[in-house]
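Undergrad: Okay, handing you the structure first.
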Amino acid sequence: VGSEMCIRDRITRKDKDGVERVSIVEIPIERVSVPMQQVILTKQMTHACGNDIQFIYGGTEEGEKHNDLMLELKQGWLKRNMETAKYEFVQSVKRTGDGAFCAVMENGKITWRVFSAYNNDELHPVFGFSKNLTEFGRSYSSYDYEKQEEVIYLERWDDKYFRRYRYATSNETAGADEDGWILEGKPQLHGFSRIPIVYVQNMYGACWTTVQHLIDKLELALSQLFENNKSYAFRIMVINGGFEIQGDLRGQARAILLDDPQAKAGFMEKADVSTSFDLQLKQTLQFILMGSFTVLPPEVRSGDLPGVAIKILYSPAVEQAIRDKNFFNDSIDQIVNLFKEGYGIEQKQTLAYSSLDVRGEIIPYVHQ
């Protein structure tokens, strides 16, 4: 709605002091934007990530030692803020269409990073014939104040090493390969038995992509309503006969003097809002919410709603959360396995944690 290519400002022609010369005056129109994308994102994230990950044990061994190991894993998951990692990872996919989780061993302890186009990261996944991730690159730019220019960096992971490259600037040629990249330092072992990256891409894009056209229509309708109200929301004064306006230096009218005995002054009643226009706004908003499986909190007129009624009201949002659960199912399992391996290295119990058959599952949040 803010682009003049989509909605142009109004252009009028005015004569200059009665002379035949014409000047073109551009009058900015009202442009109203509605943060529906943020509303849809927040609602879907609440239902998809409102509950903590549920750990499901798939092995057959039981006993006190096993229970203690599971408890330590759950406590470590919370201690390392892995719920925040899950939230940022899912949010990146819903906001930009893809995202990447990266497990990192730093000073013998496991930590994490989330890469997203929203944070100006460019993601470069490389898949093998079996569609498994074999290599991953993350590029970004940083300003070099000494050289007074932007420098592009590329971080690269495979199943064993981590490498960092810098693109050669205009004055650098030594050490650069045929594509212009310079390896910074030596390749470093990332410490995992597999590539420590979990990458997900949604082919449909952001979570509001299917209703973006309707959001544009809603913003256009609201802009037209605001523009119309500038002229017709208030009563219009009508004066017949000669008159004189007295005001201040800023041009605001303080009094109107009627210097003609036959002169009359009065107000026209303001125009009513068109019923069809009101229907257009309501229907557009309704289809935006329906198409994105978004539920706005209902207005409770009296008393409390029973739990069954609340679940029925929020059933579209829960249905979307179930879709998200199945979409991210495999990715969550990979994140849990990477954390389990890294936390086993941190606790110096690599063998015990590697034999622990456990996976994670998203539990959709349902309002009570």
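Residues in the structure tokens are numbered from 1 in each chain, the chains being A, B, ... in the order shown, and ligands are numbered from 1 in the order shown.
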Would you please extract all alpha helix (DSSP H) residues from stretch 85-306 of chain A, as assigned by DSSP on the backbone, and give them as a ChimeraX atom specification?

TA: /A:85-96,212-232,275-291

Undergrad: Might you pull out every residue within 8 Å of A:Ile182, with only C-alpha atoms counted and same-chain residues fewer than 3 positions away left off, and present them as a PDB file with all heavy atoms, in the first residue's frame?

TA:
ATOM      1  N   TYR A 165      35.085 -18.336   4.868  1.00  0.00           N
ATOM      2  CA  TYR A 165      35.710 -17.680   3.720  1.00  0.00           C
ATOM      3  C   TYR A 165      35.360 -16.195   3.727  1.00  0.00           C
ATOM      4  O   TYR A 165      34.331 -15.770   4.272  1.00  0.00           O
ATOM      5  CB  TYR A 165      35.232 -18.297   2.407  1.00  0.00           C
ATOM      6  CG  TYR A 165      35.543 -19.763   2.242  1.00  0.00           C
ATOM      7  CD1 TYR A 165      34.670 -20.731   2.745  1.00  0.00           C
ATOM      8  CD2 TYR A 165      36.688 -20.189   1.580  1.00  0.00           C
ATOM      9  CE1 TYR A 165      34.939 -22.075   2.585  1.00  0.00           C
ATOM     10  CE2 TYR A 165      36.963 -21.529   1.414  1.00  0.00           C
ATOM     11  CZ  TYR A 165      36.085 -22.477   1.922  1.00  0.00           C
ATOM     12  OH  TYR A 165      36.349 -23.816   1.768  1.00  0.00           O
ATOM     13  N   ARG A 166      36.245 -15.443   3.103  1.00  0.00           N
ATOM     14  CA  ARG A 166      35.998 -14.011   2.888  1.00  0.00           C
ATOM     15  C   ARG A 166      36.187 -13.718   1.408  1.00  0.00           C
ATOM     16  O   ARG A 166      37.158 -14.177   0.797  1.00  0.00           O
ATOM     17  CB  ARG A 166      36.963 -13.164   3.721  1.00  0.00           C
ATOM     18  CG  ARG A 166      36.705 -11.658   3.611  1.00  0.00           C
ATOM     19  CD  ARG A 166      37.740 -10.843   4.375  1.00  0.00           C
ATOM     20  NE  ARG A 166      39.009 -10.749   3.660  1.00  0.00           N
ATOM     21  CZ  ARG A 166      40.115 -11.410   3.954  1.00  0.00           C
ATOM     22  NH1 ARG A 166      40.127 -12.250   4.973  1.00  0.00           N
ATOM     23  NH2 ARG A 166      41.215 -11.261   3.244  1.00  0.00           N
ATOM     24  N   TYR A 167      35.244 -12.956   0.841  1.00  0.00           N
ATOM     25  CA  TYR A 167      35.365 -12.625  -0.576  1.00  0.00           C
ATOM     26  C   TYR A 167      36.411 -11.521  -0.738  1.00  0.00           C
ATOM     27  O   TYR A 167      36.395 -10.519  -0.018  1.00  0.00           O
ATOM     28  CB  TYR A 167      34.030 -12.158  -1.146  1.00  0.00           C
ATOM     29  CG  TYR A 167      33.999 -12.155  -2.650  1.00  0.00           C
ATOM     30  CD1 TYR A 167      33.869 -13.342  -3.354  1.00  0.00           C
ATOM     31  CD2 TYR A 167      34.114 -10.966  -3.358  1.00  0.00           C
ATOM     32  CE1 TYR A 167      33.851 -13.357  -4.734  1.00  0.00           C
ATOM     33  CE2 TYR A 167      34.091 -10.965  -4.742  1.00  0.00           C
ATOM     34  CZ  TYR A 167      33.957 -12.167  -5.430  1.00  0.00           C
ATOM     35  OH  TYR A 167      33.945 -12.166  -6.797  1.00  0.00           O
ATOM     36  N   ALA A 168      37.315 -11.740  -1.680  1.00  0.00           N
ATOM     37  CA  ALA A 168      38.427 -10.808  -1.871  1.00  0.00           C
ATOM     38  C   ALA A 168      37.916  -9.425  -2.257  1.00  0.00           C
ATOM     39  O   ALA A 168      37.035  -9.290  -3.108  1.00  0.00           O
ATOM     40  CB  ALA A 168      39.379 -11.347  -2.944  1.00  0.00           C
ATOM     41  N   GLY A 175      46.031 -15.396  -2.366  1.00  0.00           N
ATOM     42  CA  GLY A 175      45.316 -16.398  -1.582  1.00  0.00           C
ATOM     43  C   GLY A 175      43.903 -16.654  -2.027  1.00  0.00           C
ATOM     44  O   GLY A 175      43.222 -17.516  -1.452  1.00  0.00           O
ATOM     45  N   ALA A 176      43.404 -15.925  -3.011  1.00  0.00           N
ATOM     46  CA  ALA A 176      42.024 -16.104  -3.449  1.00  0.00           C
ATOM     47  C   ALA A 176      41.944 -17.217  -4.491  1.00  0.00           C
ATOM     48  O   ALA A 176      42.859 -17.385  -5.312  1.00  0.00           O
ATOM     49  CB  ALA A 176      41.481 -14.806  -4.035  1.00  0.00           C
ATOM     50  N   ASP A 177      40.855 -17.991  -4.453  1.00  0.00           N
ATOM     51  CA  ASP A 177      40.677 -19.026  -5.451  1.00  0.00           C
ATOM     52  C   ASP A 177      40.124 -18.411  -6.734  1.00  0.00           C
ATOM     53  O   ASP A 177      39.976 -17.185  -6.854  1.00  0.00           O
ATOM     54  CB  ASP A 177      39.767 -20.142  -4.921  1.00  0.00           C
ATOM     55  CG  ASP A 177      38.382 -19.624  -4.535  1.00  0.00           C
ATOM     56  OD1 ASP A 177      38.034 -18.498  -4.936  1.00  0.00           O
ATOM     57  OD2 ASP A 177      37.650 -20.349  -3.831  1.00  0.00           O
TER      58      ASP A 177
END

Undergrad: Report, in Å with one decimal, the straight-line distance from atom CA of A:Leu289 to atom CA of A:Ser92.

TA: 21.1 Å

Undergrad: Please provide as a list in words all residues within 7 Å of A:Ile110, with the sequence filter that same-chain residues fewer than 5 positions apart are discarded (counting only C-alpha atoms).

TA: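 Once the adjacent positions are removed, what remains is Val104, Met105, Gly342, Tyr343 and Glu346 of chain A.
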
Undergrad: So that I have them on file, write out the residues from the current selection with N, CA and C atoms, as a compact mmCIF listing (two decimals), in the first residue's frame.

TA:
# COMPACT_ATOMS: atom_id res chain seq x y z
N VAL A 104 26.35 -26.04 17.86
CA VAL A 104 27.74 -25.57 17.97
C VAL A 104 28.32 -26.07 19.29
N MET A 105 29.53 -26.63 19.23
CA MET A 105 30.28 -26.97 20.43
C MET A 105 31.26 -25.85 20.71
N GLY A 342 25.61 -33.58 21.35
CA GLY A 342 26.43 -32.53 21.93
C GLY A 342 26.39 -32.51 23.44
N TYR A 343 25.20 -32.78 24.01
CA TYR A 343 25.09 -32.78 25.47
C TYR A 343 25.81 -33.98 26.07
N GLU A 346 29.33 -32.91 26.24
CA GLU A 346 29.50 -31.96 27.34
C GLU A 346 29.53 -32.67 28.69

Undergrad: Just how far from atom CA of A:Gln368 is atom CA of A:Pro306, in Å to one decimal?

TA: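 Computed distance, atom CA of A:Pro306 to atom CA of A:Gln368, equals 8.8 Å.
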
Undergrad: Counting only C-alpha atoms, figure out which residue out of A:Thr60, A:Thr84, A:Thr275, A:Gln224 gets nearest to A:Met45.

TA: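 Of all the options, A:Thr84 lies closest to A:Met45.
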